[in-house]
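Peer 1: Here you go, this is start_28.txt (compact mmCIF, C-alpha atoms).
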# COMPACT_ATOMS: atom_id res chain seq x y z
CA SER X 1274 -16.75 7.23 7.13
CA TYR X 1275 -15.11 3.86 7.59
CA ALA X 1276 -16.08 0.27 6.83
CA PHE X 1277 -14.44 -3.08 7.52
CA GLY X 1278 -15.38 -6.62 6.59
CA LEU X 1279 -14.39 -10.26 6.61
CA ASP X 1280 -15.08 -13.05 4.08
CA LEU X 1281 -14.80 -16.78 4.76
CA ARG X 1282 -15.85 -19.32 2.16
CA ARG X 1283 -15.36 -22.91 1.07
CA ASP X 1284 -15.60 -23.69 -2.65
CA GLU X 1285 -16.41 -27.18 -3.90
CA TYR X 1286 -16.45 -28.40 -7.49
CA SER X 1287 -17.41 -31.65 -9.17
CA ILE X 1288 -18.25 -32.66 -12.71
CA SER X 1289 -19.26 -35.96 -14.27
CA THR X 1290 -20.68 -37.02 -17.62
CA ASP X 1291 -22.37 -40.17 -18.77
CA PRO X 1292 -20.16 -43.01 -20.09
CA GLN X 1293 -21.19 -42.48 -23.72
CA ALA X 1294 -20.05 -38.83 -23.62
CA ARG X 1295 -16.75 -39.83 -22.03
CA ILE X 1296 -15.87 -42.18 -24.91
CA GLY X 1297 -16.99 -39.74 -27.61
CA ASN X 1298 -20.25 -41.33 -28.74
CA VAL X 1299 -22.26 -38.09 -28.36
CA LEU X 1300 -22.12 -36.39 -31.75
CA GLY X 1301 -20.67 -32.87 -31.55
CA GLY X 1302 -20.00 -33.08 -27.83
CA GLY X 1303 -16.30 -33.92 -27.93
CA VAL X 1304 -14.75 -36.29 -25.43
CA PHE X 1305 -14.85 -35.50 -21.73
CA GLY X 1306 -12.56 -36.86 -19.04
CA GLU X 1307 -13.42 -38.94 -16.05
CA PRO X 1308 -15.38 -37.33 -13.17
CA GLU X 1309 -13.31 -34.73 -11.33
CA GLN X 1310 -13.78 -32.98 -8.02
CA ALA X 1311 -11.89 -30.46 -5.93
CA ALA X 1312 -12.37 -28.09 -3.00
CA ARG X 1313 -10.55 -25.24 -1.31
CA ASN X 1314 -10.92 -22.69 1.50
CA TYR X 1315 -10.83 -18.93 1.03
CA GLY X 1316 -10.50 -16.00 3.41
CA GLY X 1317 -10.41 -12.25 2.91
CA VAL X 1318 -10.41 -9.01 4.88
CA TYR X 1319 -11.14 -5.54 3.54
CA GLY X 1320 -11.47 -1.94 4.64
CA GLU X 1321 -12.56 1.36 3.16
CA ALA X 1322 -12.35 4.99 4.24
CA TYR X 1323 -14.02 8.12 2.85
CA LEU X 1324 -12.11 11.29 3.75
CA PRO X 1325 -13.38 14.71 2.61
CA PHE X 1326 -10.78 17.45 3.01
CA GLY X 1327 -10.14 21.00 1.94
CA GLU X 1328 -12.67 22.88 -0.16
CA GLY X 1329 -14.48 20.42 -2.43
CA TRP X 1330 -11.94 17.57 -2.22
CA GLU X 1331 -12.90 13.96 -1.49
CA LEU X 1332 -10.49 11.06 -0.98
CA SER X 1333 -11.45 7.38 -0.90
CA LEU X 1334 -9.01 4.70 0.25
CA ALA X 1335 -9.80 1.01 0.03
CA SER X 1336 -7.88 -2.22 0.28
CA ARG X 1337 -8.53 -5.91 0.65
CA TYR X 1338 -6.41 -8.98 1.21
CA ASP X 1339 -7.54 -12.28 -0.36
CA HIS X 1340 -6.01 -15.65 0.41
CA TYR X 1341 -6.73 -19.01 -1.27
CA GLU X 1342 -5.18 -22.12 0.20
CA ASP X 1343 -4.01 -23.34 -3.23
CA ALA X 1344 -3.22 -20.02 -4.98
CA GLY X 1345 -1.75 -17.86 -2.25
CA GLY X 1346 -2.82 -14.33 -1.46
CA ALA X 1347 -2.39 -10.71 -2.46
CA LEU X 1348 -3.19 -7.18 -1.34
CA SER X 1349 -5.42 -5.13 -3.68
CA PRO X 1350 -5.40 -1.39 -2.86
CA LYS X 1351 -7.45 1.35 -4.50
CA LEU X 1352 -7.20 5.13 -4.33
CA ALA X 1353 -9.86 7.50 -5.68
CA LEU X 1354 -9.80 11.30 -5.68
CA ALA X 1355 -12.62 13.70 -6.55
CA PHE X 1356 -12.77 17.49 -6.75
CA ARG X 1357 -15.89 19.67 -6.95
CA PRO X 1358 -14.93 23.20 -8.04
CA ASN X 1359 -18.63 24.15 -7.99
CA ASP X 1360 -22.11 22.62 -8.07
CA GLN X 1361 -21.96 21.97 -11.82
CA TRP X 1362 -18.66 20.08 -12.12
CA LEU X 1363 -17.09 16.97 -10.62
CA LEU X 1364 -13.58 15.83 -11.61
CA ARG X 1365 -12.52 12.33 -10.57
CA ALA X 1366 -9.67 9.85 -10.93
CA SER X 1367 -8.79 6.44 -9.51
CA LEU X 1368 -5.95 3.91 -9.43
CA GLY X 1369 -6.21 0.32 -8.27
CA ARG X 1370 -4.89 -3.21 -8.39
CA GLY X 1371 -6.81 -6.48 -8.64
CA PHE X 1372 -6.31 -10.17 -7.83
CA GLN X 1373 -8.26 -13.25 -8.90
CA ALA X 1374 -7.41 -16.87 -8.19
CA PRO X 1375 -7.93 -19.56 -10.84
CA ASP X 1376 -11.32 -21.22 -10.69
CA LEU X 1377 -11.49 -24.87 -9.71
CA PHE X 1378 -12.52 -26.01 -13.19
CA ALA X 1379 -9.42 -24.48 -14.85
CA ALA X 1380 -7.13 -25.94 -12.18
CA TYR X 1381 -8.66 -29.37 -11.59
CA GLY X 1382 -11.37 -29.99 -14.22
CA GLY X 1383 -11.42 -32.95 -16.57
CA ARG X 1384 -9.91 -33.28 -20.03
CA GLN X 1385 -11.98 -32.13 -23.02
CA SER X 1386 -11.24 -33.28 -26.56
CA ALA X 1387 -12.38 -32.27 -30.02
CA GLU X 1388 -11.19 -32.41 -33.64
CA PHE X 1389 -10.20 -29.46 -35.85
CA PHE X 1390 -8.79 -29.01 -39.35
CA LEU X 1391 -5.34 -27.43 -39.02
CA VAL X 1392 -2.24 -26.72 -41.09
CA ASP X 1393 0.92 -28.34 -39.71
CA ALA X 1394 3.17 -25.26 -39.49
CA LEU X 1395 6.37 -27.28 -39.04
CA ASP X 1396 5.67 -29.68 -41.91
CA CYS X 1397 4.72 -26.78 -44.19
CA ALA X 1398 7.93 -24.90 -43.29
CA LEU X 1399 10.04 -27.96 -44.11
CA ARG X 1400 8.17 -28.72 -47.36
CA PRO X 1401 6.65 -25.43 -48.56
CA GLU X 1402 6.15 -26.69 -52.13
CA ASP X 1403 4.18 -29.76 -51.05
CA PRO X 1404 0.42 -29.00 -51.15
CA PHE X 1405 -0.30 -31.85 -48.75
CA ALA X 1406 2.17 -30.53 -46.17
CA CYS X 1407 0.60 -27.05 -46.28
CA GLY X 1408 -3.01 -28.22 -46.46
CA GLY X 1409 -5.51 -28.62 -43.66
CA ARG X 1410 -5.87 -31.98 -41.96
CA PRO X 1411 -7.97 -33.30 -39.02
CA VAL X 1412 -6.15 -33.09 -35.70
CA GLU X 1413 -7.28 -34.23 -32.23
CA ILE X 1414 -7.12 -31.48 -29.60
CA ASP X 1415 -7.02 -32.13 -25.84
CA VAL X 1416 -7.67 -29.22 -23.47
CA VAL X 1417 -6.42 -30.20 -20.01
CA PRO X 1418 -6.48 -28.54 -16.55
CA ASN X 1419 -3.38 -27.20 -14.84
CA ASP X 1420 -3.06 -27.39 -11.06
CA GLN X 1421 0.01 -25.12 -11.26
CA LEU X 1422 -2.00 -22.11 -12.44
CA GLY X 1423 -1.17 -18.81 -10.80
CA PRO X 1424 -3.61 -16.00 -10.01
CA GLU X 1425 -4.59 -13.23 -12.37
CA ARG X 1426 -3.38 -9.75 -11.44
CA ALA X 1427 -4.58 -6.43 -12.77
CA ARG X 1428 -3.86 -2.73 -12.68
CA GLN X 1429 -6.44 -0.17 -13.74
CA GLY X 1430 -6.93 3.57 -13.77
CA THR X 1431 -9.73 5.97 -14.66
CA LEU X 1432 -9.96 9.71 -15.32
CA GLY X 1433 -13.25 11.46 -15.84
CA LEU X 1434 -15.67 14.28 -15.22
CA ILE X 1435 -19.36 14.93 -14.60
CA TRP X 1436 -21.07 18.12 -15.74
CA GLN X 1437 -24.53 19.07 -14.48
CA PRO X 1438 -25.44 22.42 -16.09
CA VAL X 1439 -28.95 22.34 -14.62
CA GLU X 1440 -30.61 20.13 -12.06
CA GLN X 1441 -32.44 18.03 -14.67
CA VAL X 1442 -29.45 17.29 -16.96
CA GLN X 1443 -26.16 15.45 -16.33
CA PHE X 1444 -23.29 14.47 -18.63
CA GLY X 1445 -20.45 12.13 -17.77
CA LEU X 1446 -17.27 11.13 -19.60
CA ASP X 1447 -14.64 8.69 -18.30
CA TYR X 1448 -11.44 7.31 -19.76
CA TYR X 1449 -10.25 3.91 -18.50
CA ARG X 1450 -7.08 1.92 -19.00
CA SER X 1451 -6.38 -1.57 -17.67
CA HIS X 1452 -3.66 -4.19 -17.83
CA ILE X 1453 -4.52 -7.76 -16.85
CA LYS X 1454 -1.37 -9.78 -16.28
CA ASP X 1455 -1.27 -13.59 -16.22
CA GLN X 1456 -4.89 -13.84 -17.33
CA ILE X 1457 -6.07 -17.44 -17.26
CA GLY X 1458 -6.91 -18.89 -20.63
CA ARG X 1459 -5.43 -21.26 -23.15
CA LEU X 1460 -3.53 -21.13 -26.39
CA ARG X 1461 -5.28 -21.89 -29.64
CA ALA X 1462 -4.18 -24.98 -31.53
CA GLU X 1463 -2.70 -22.69 -34.21
CA ASP X 1464 -0.60 -20.99 -31.50
CA VAL X 1465 0.78 -24.33 -30.29
CA LEU X 1466 1.81 -25.25 -33.83
CA ALA X 1467 3.41 -21.80 -34.32
CA LEU X 1468 5.32 -22.17 -31.04
CA GLU X 1469 6.55 -25.62 -32.06
CA LEU X 1470 7.90 -24.08 -35.26
CA ASP X 1471 9.54 -21.28 -33.23
CA CYS X 1472 11.26 -23.87 -31.00
CA PHE X 1473 12.53 -25.70 -34.09
CA GLN X 1474 13.87 -22.54 -35.72
CA THR X 1475 15.45 -20.97 -32.61
CA GLY X 1476 16.65 -24.15 -30.91
CA ARG X 1477 14.96 -23.34 -27.60
CA PRO X 1478 13.21 -26.23 -25.79
CA CYS X 1479 9.43 -26.01 -25.90
CA ASP X 1480 7.66 -25.88 -22.53
CA PRO X 1481 4.80 -28.47 -22.47
CA ILE X 1482 2.81 -26.16 -20.16
CA GLY X 1483 3.49 -22.68 -21.49
CA ASP X 1484 3.79 -23.63 -25.17
CA GLY X 1485 1.47 -26.62 -25.33
CA GLN X 1486 2.59 -29.94 -26.73
CA VAL X 1487 2.42 -31.48 -30.22
CA ILE X 1488 2.46 -35.29 -30.08
CA ARG X 1489 3.80 -36.88 -33.27
CA ASN X 1490 4.10 -40.50 -34.39
CA ASP X 1491 7.23 -42.20 -35.74
CA LEU X 1492 6.56 -40.77 -39.21
CA GLY X 1493 6.37 -37.21 -37.90
CA ASN X 1494 2.62 -36.85 -38.36
CA ILE X 1495 0.56 -35.15 -35.68
CA GLU X 1496 -1.30 -37.57 -33.42
CA ARG X 1497 -2.81 -34.94 -31.10
CA ILE X 1498 -2.20 -31.53 -29.57
CA ILE X 1499 -2.22 -31.07 -25.79
CA ILE X 1500 -3.29 -27.58 -24.66
CA PRO X 1501 -3.11 -26.88 -20.90
CA ARG X 1502 -4.90 -23.92 -19.38
CA ILE X 1503 -2.22 -21.36 -18.60
CA ASN X 1504 -1.62 -17.82 -17.40
CA ILE X 1505 -1.40 -16.05 -20.75
CA ALA X 1506 0.95 -13.10 -20.90
CA SER X 1507 -1.26 -10.00 -20.82
CA VAL X 1508 -4.36 -8.16 -21.97
CA ARG X 1509 -4.23 -4.37 -22.34
CA SER X 1510 -7.34 -2.33 -23.04
CA SER X 1511 -8.54 1.24 -22.93
CA GLY X 1512 -11.72 3.06 -23.78
CA LEU X 1513 -14.26 5.80 -23.13
CA ASP X 1514 -17.56 5.63 -21.25
CA PHE X 1515 -20.18 8.31 -21.95
CA GLU X 1516 -23.30 8.94 -19.90
CA PHE X 1517 -26.27 11.29 -20.32
CA ARG X 1518 -29.17 11.60 -17.90
CA PHE X 1519 -32.30 13.70 -18.07
CA ASN X 1520 -34.87 13.81 -15.26
CA GLN X 1521 -37.95 16.06 -15.37
CA PRO X 1522 -40.72 16.07 -12.75
CA THR X 1523 -44.08 17.30 -14.12
CA ALA X 1524 -47.71 17.33 -13.10
CA LEU X 1525 -48.14 14.21 -15.26
CA GLY X 1526 -45.40 12.30 -13.48
CA ASN X 1527 -41.62 12.06 -13.49
CA PHE X 1528 -39.93 11.49 -16.86
CA ARG X 1529 -36.41 10.11 -17.14
CA LEU X 1530 -33.97 9.35 -19.96
CA ASP X 1531 -30.67 7.49 -19.51
CA LEU X 1532 -28.09 6.95 -22.25
CA HIS X 1533 -24.85 4.97 -21.79
CA ALA X 1534 -22.29 4.36 -24.52
CA SER X 1535 -18.88 2.68 -24.43
CA LYS X 1536 -16.14 2.98 -27.03
CA VAL X 1537 -13.20 0.56 -26.92
CA LEU X 1538 -10.02 2.33 -28.05
CA THR X 1539 -7.46 -0.48 -27.73
CA TYR X 1540 -7.64 -4.21 -27.01
CA GLN X 1541 -4.25 -5.91 -27.25
CA VAL X 1542 -3.73 -9.57 -26.32
CA GLU X 1543 -0.33 -11.24 -25.94
CA SER X 1544 -1.07 -14.95 -25.65
CA SER X 1545 2.58 -16.00 -25.25
CA PRO X 1546 5.92 -14.22 -24.74
CA PHE X 1547 7.11 -15.93 -27.93
CA LEU X 1548 4.21 -14.69 -30.08
CA PRO X 1549 3.57 -11.11 -31.24
CA SER X 1550 0.90 -9.03 -29.53
CA GLU X 1551 -2.41 -9.26 -31.39
CA ASP X 1552 -4.99 -6.55 -31.99
CA PHE X 1553 -8.42 -7.96 -31.10
CA LEU X 1554 -10.29 -4.65 -31.43
CA ASN X 1555 -13.23 -4.77 -33.85
CA THR X 1556 -13.06 -8.57 -34.06
CA PHE X 1557 -15.34 -11.49 -33.18
CA SER X 1558 -15.24 -10.97 -29.40
CA ALA X 1559 -14.47 -7.22 -29.17
CA PRO X 1560 -17.08 -4.91 -30.77
CA PRO X 1561 -15.87 -1.28 -30.85
CA TRP X 1562 -19.16 0.21 -29.60
CA ARG X 1563 -21.83 -0.80 -27.12
CA GLY X 1564 -24.68 1.27 -25.72
CA ASN X 1565 -28.07 1.27 -24.09
CA LEU X 1566 -30.91 3.78 -23.97
CA ARG X 1567 -33.71 3.75 -21.40
CA LEU X 1568 -36.87 5.85 -21.11
CA GLY X 1569 -38.80 5.92 -17.84
CA TRP X 1570 -42.05 7.39 -16.54
CA GLN X 1571 -43.21 7.27 -12.93
CA ILE X 1572 -46.62 8.40 -11.79
CA GLY X 1573 -47.51 7.66 -8.20
CA ALA X 1574 -46.75 4.04 -7.36
CA HIS X 1575 -46.51 3.00 -11.01
CA HIS X 1576 -43.22 2.85 -12.95
CA PHE X 1577 -43.02 2.33 -16.71
CA SER X 1578 -39.75 1.87 -18.60
CA ALA X 1579 -38.63 0.88 -22.08
CA GLY X 1580 -35.11 0.43 -23.36
CA ALA X 1581 -32.84 -0.63 -26.17
CA GLU X 1582 -29.40 -2.26 -26.07
CA TYR X 1583 -27.05 -1.93 -29.04
CA ILE X 1584 -23.88 -3.85 -29.99
CA ALA X 1585 -22.00 -2.58 -33.05
CA SER X 1586 -20.99 -4.66 -36.06
CA ARG X 1587 -17.43 -5.91 -36.31
CA ASN X 1588 -15.11 -8.04 -38.41
CA ASP X 1589 -15.80 -11.78 -38.64
CA CYS X 1590 -12.36 -12.90 -37.42
CA PHE X 1591 -10.51 -13.52 -34.16
CA GLN X 1592 -7.53 -11.24 -34.83
CA GLN X 1593 -6.73 -8.36 -37.15
CA ARG X 1594 -3.39 -9.82 -38.23
CA LEU X 1595 -1.99 -13.31 -38.74
CA PRO X 1596 1.01 -14.52 -36.68
CA ASP X 1597 3.31 -13.58 -39.59
CA GLY X 1598 2.17 -9.96 -39.36
CA ASN X 1599 0.07 -9.91 -42.53
CA PRO X 1600 -3.58 -8.71 -42.44
CA ASN X 1601 -6.06 -11.48 -41.77
CA PRO X 1602 -8.05 -12.00 -45.00
CA ALA X 1603 -11.04 -13.29 -42.99
CA CYS X 1604 -11.53 -9.80 -41.54
CA VAL X 1605 -13.16 -8.53 -44.74
CA ASN X 1606 -16.45 -10.17 -43.66
CA GLN X 1607 -18.71 -8.50 -41.12
CA ILE X 1608 -20.84 -9.70 -38.20
CA ALA X 1609 -24.04 -7.62 -38.15
CA SER X 1610 -24.90 -5.15 -35.42
CA HIS X 1611 -27.47 -6.21 -32.84
CA THR X 1612 -30.26 -4.30 -31.10
CA GLU X 1613 -32.68 -5.64 -28.50
CA PHE X 1614 -35.69 -3.90 -26.92
CA ASP X 1615 -37.23 -4.44 -23.49
CA ALA X 1616 -40.06 -2.97 -21.41
CA GLN X 1617 -41.34 -3.19 -17.83
CA TRP X 1618 -44.24 -2.05 -15.67
CA ARG X 1619 -43.67 -2.01 -11.90
CA TRP X 1620 -46.19 -1.27 -9.14
CA THR X 1621 -45.09 -0.45 -5.61
CA THR X 1622 -48.02 -1.63 -3.49
CA PRO X 1623 -48.97 -0.21 -0.06
CA TRP X 1624 -47.99 -3.58 1.49
CA HIS X 1625 -44.21 -3.28 0.86
CA VAL X 1626 -44.51 -5.56 -2.15
CA ASP X 1627 -43.30 -4.70 -5.66
CA LEU X 1628 -44.93 -6.36 -8.67
CA ALA X 1629 -43.08 -6.19 -11.98
CA LEU X 1630 -44.25 -7.41 -15.38
CA GLY X 1631 -41.98 -7.12 -18.36
CA GLY X 1632 -40.28 -8.59 -21.37
CA ARG X 1633 -36.71 -8.86 -22.64
CA ASN X 1634 -35.69 -8.97 -26.30
CA LEU X 1635 -39.19 -8.00 -27.37
CA ASN X 1636 -38.18 -8.05 -31.03
CA ASN X 1637 -37.16 -11.72 -30.54
CA ARG X 1638 -33.91 -11.14 -32.39
CA PRO X 1639 -31.42 -14.03 -32.38
CA PRO X 1640 -27.72 -13.27 -31.83
CA PRO X 1641 -25.75 -12.61 -35.04
CA HIS X 1642 -23.63 -15.57 -36.06
CA ASP X 1643 -20.19 -15.71 -37.59
CA GLY X 1644 -19.24 -17.51 -40.79
CA PHE X 1645 -18.93 -20.81 -38.91
CA GLY X 1646 -22.42 -20.60 -37.38
CA GLY X 1647 -21.26 -19.63 -33.86
CA TYR X 1648 -21.75 -16.51 -31.75
CA GLN X 1649 -20.07 -14.85 -28.76
CA TYR X 1650 -21.97 -16.15 -25.73
CA GLY X 1651 -20.61 -13.44 -23.41
CA LEU X 1652 -22.17 -10.70 -25.55
CA TYR X 1653 -25.62 -12.09 -26.29
CA ASP X 1654 -28.47 -13.88 -24.57
CA PRO X 1655 -29.57 -16.75 -26.87
CA ASN X 1656 -32.97 -17.22 -25.20
CA GLY X 1657 -34.91 -14.91 -27.52
CA ARG X 1658 -38.03 -13.14 -26.26
CA VAL X 1659 -38.60 -13.69 -22.53
CA TRP X 1660 -41.66 -12.62 -20.50
CA TYR X 1661 -41.40 -12.42 -16.73
CA LEU X 1662 -43.44 -11.64 -13.62
CA ARG X 1663 -41.44 -10.70 -10.52
CA VAL X 1664 -42.66 -10.28 -6.94
CA MET X 1665 -40.41 -8.57 -4.37
CA ALA X 1666 -41.49 -8.35 -0.74
CA GLN X 1667 -39.86 -6.55 2.18
CA PHE X 1668 -40.33 -7.81 5.72
CA GLY X 1669 -39.91 -5.37 8.57
CA GLY X 1670 -38.41 -1.90 8.61
CA ALA X 1671 -39.24 1.11 6.50
CA PRO X 1672 -40.13 0.61 2.81
Let me see the file written as structure tokens.

Peer 2:
Amino acid sequence: SYAFGLDLRRDEYSISTDPQARIGNVLGGGVFGEPEQAARNYGGVYGEAYLPFGEGWELSLASRYDHYEDAGGALSPKLALAFRPNDQWLLRASLGRGFQAPDLFAAYGGRQSAEFFLVDALDCALRPEDPFACGGRPVEIDVVPNDQLGPERARQGTLGLIWQPVEQVQFGLDYYRSHIKDQIGRLRAEDVLALELDCFQTGRPCDPIGDGQVIRNDLGNIERIIIPRINIASVRSSGLDFEFRFNQPTALGNFRLDLHASKVLTYQVESSPFLPSEDFLNTFSAPPWRGNLRLGWQIGAHHFSAGAEYIASRNDCFQQRLPDGNPNPACVNQIASHTEFDAQWRWTTPWHVDLALGGRNLNNRPPPHDGFGGYQYGLYDPNGRVWYLRVMAQFGGAP
């Protein structure tokens, strides 16, 4: 089997805020820059081939070429191999590369400003006995776009197996490993201050883009810190994915159980070549375990399902160790685990229309917060309990 395709797209971006927000008169909103806008064209081609060969062997080859007018292009190949020694076992492995251009906001978006309490690393190093020099003080932070951003590139591999001892039961286990190079992000204000100290101690010139920039007045006090969005050095991660499925047809309908669990083994972030690699596993944004369980029952045209999603507890800190290599004392506190429940009833009507009624986060549980009152938006939905009614209709063709 073969497949080929072509993508053509034009991306446009614009952002504007009201004048009061731009001058900082909206409490807690920071200061936003003037309205910004940008656009670019994108094109891509891709192909895929499925090639069974030998006795029980399957080979999949895929590749795509993406090109952005402002970020260049790259070829992203993928190779996957599977072997079925018998009807009960499937062994599989894959290798691939990835490419992602910077989004328009990171490259051309407006300036955002806020204020944080920080310790001036350079001042503290010069006057370690002075409590004022080593104490926290308010500092203005400016996060700015960077039109020189490069693309993100990735390499990933998987190795796994599926075991189906009987028709109704299936187990799966996969190991994954990935390396994202030049991931787009930004340094923390603490990193910029640490890099300024490194430049002072080693004599190397600080790069205003890669290291950020500390603006000081004539007395040597910090006026503000400029933090451009940059291609941070690397993110390396690995983990295990486990899957269990049970499906049993009966005279009372078809019963199904699905269990998925993921265990993160390593999560290392190197935010700058001049800073040590940091272990983010079991911290604020990297819980060690996640999983979901779903129970289903189908009888005729009616489908009932209920499920639970679980996110494990973890340390209330951003990194396991401080830049000096010592354990982070903030990691003794814990962010609680989180479990949400959902349910749905779906009816497939004779008129090629599906009606679904359900609810998400039925226990109406809010996301767990850290010691500063925040939470990780990428992990949780803050909307609480949500009821929904969905209608899906198909026009033409077979159902």

Peer 1: Just the number, please: distance in Å from CA of Pro1655 (chain X) to CA of Arg1502 (chain X), one decimal.

Peer 2: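 Separation between CA of Pro1655 (chain X) and CA of Arg1502 (chain X): 26.8 Å.
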
Peer 1: Choose the residue, out of X:Ala1355, X:Cys1590, X:Val1508, X:Leu1554, that has the smallest atom-to-atom separation from Glu1425 (chain X); count all atoms listed in the file.

Peer 2: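 Of X:Ala1355, X:Cys1590, X:Val1508, X:Leu1554, the one nearest Glu1425 (chain X), counting all atoms listed in the file, is X:Val1508.
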
Peer 1: Do a neighbour search on Pro1481 (chain X) at 9 Å with all atoms listed in the file, toss out local chain neighbours closer than 3 positions, and write the hits as a list in words.

Peer 2: Asp1484, Gly1485, Gln1486, Val1487, Ile1499, Ile1500 and Pro1501 of chain X

Peer 1: Residues near region 1523-1539 of chain X, anyone? I mean within 12 Å using only C-alpha atoms, not counting same-chain ones fewer than 5 positions away, as a VMD selection string.

Peer 2: chain X and resid 1441 to 1452 1508 to 1518 1551 to 1556 1558 to 1585

Peer 1: Rank nothing, just name the residue among X:Cys1479, X:Val1318, X:Ala1603, X:Ile1498 nearest to His1340 (chain X), using all atoms listed in the file.

Peer 2: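 Nearest candidate to His1340 (chain X) out of X:Cys1479, X:Val1318, X:Ala1603, X:Ile1498: X:Val1318.
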
Peer 1: Skipping near chain neighbours, those fewer than 5 positions away, what residues fall within 10 Å of Arg1282 (chain X) using all atoms listed in the file, listed as a list in words?

Peer 2: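 Neighbouring residues, sequence-local ones excluded: Arg1313, Asn1314, Tyr1315, Gly1316, Gly1317 and Tyr1341 of chain X.
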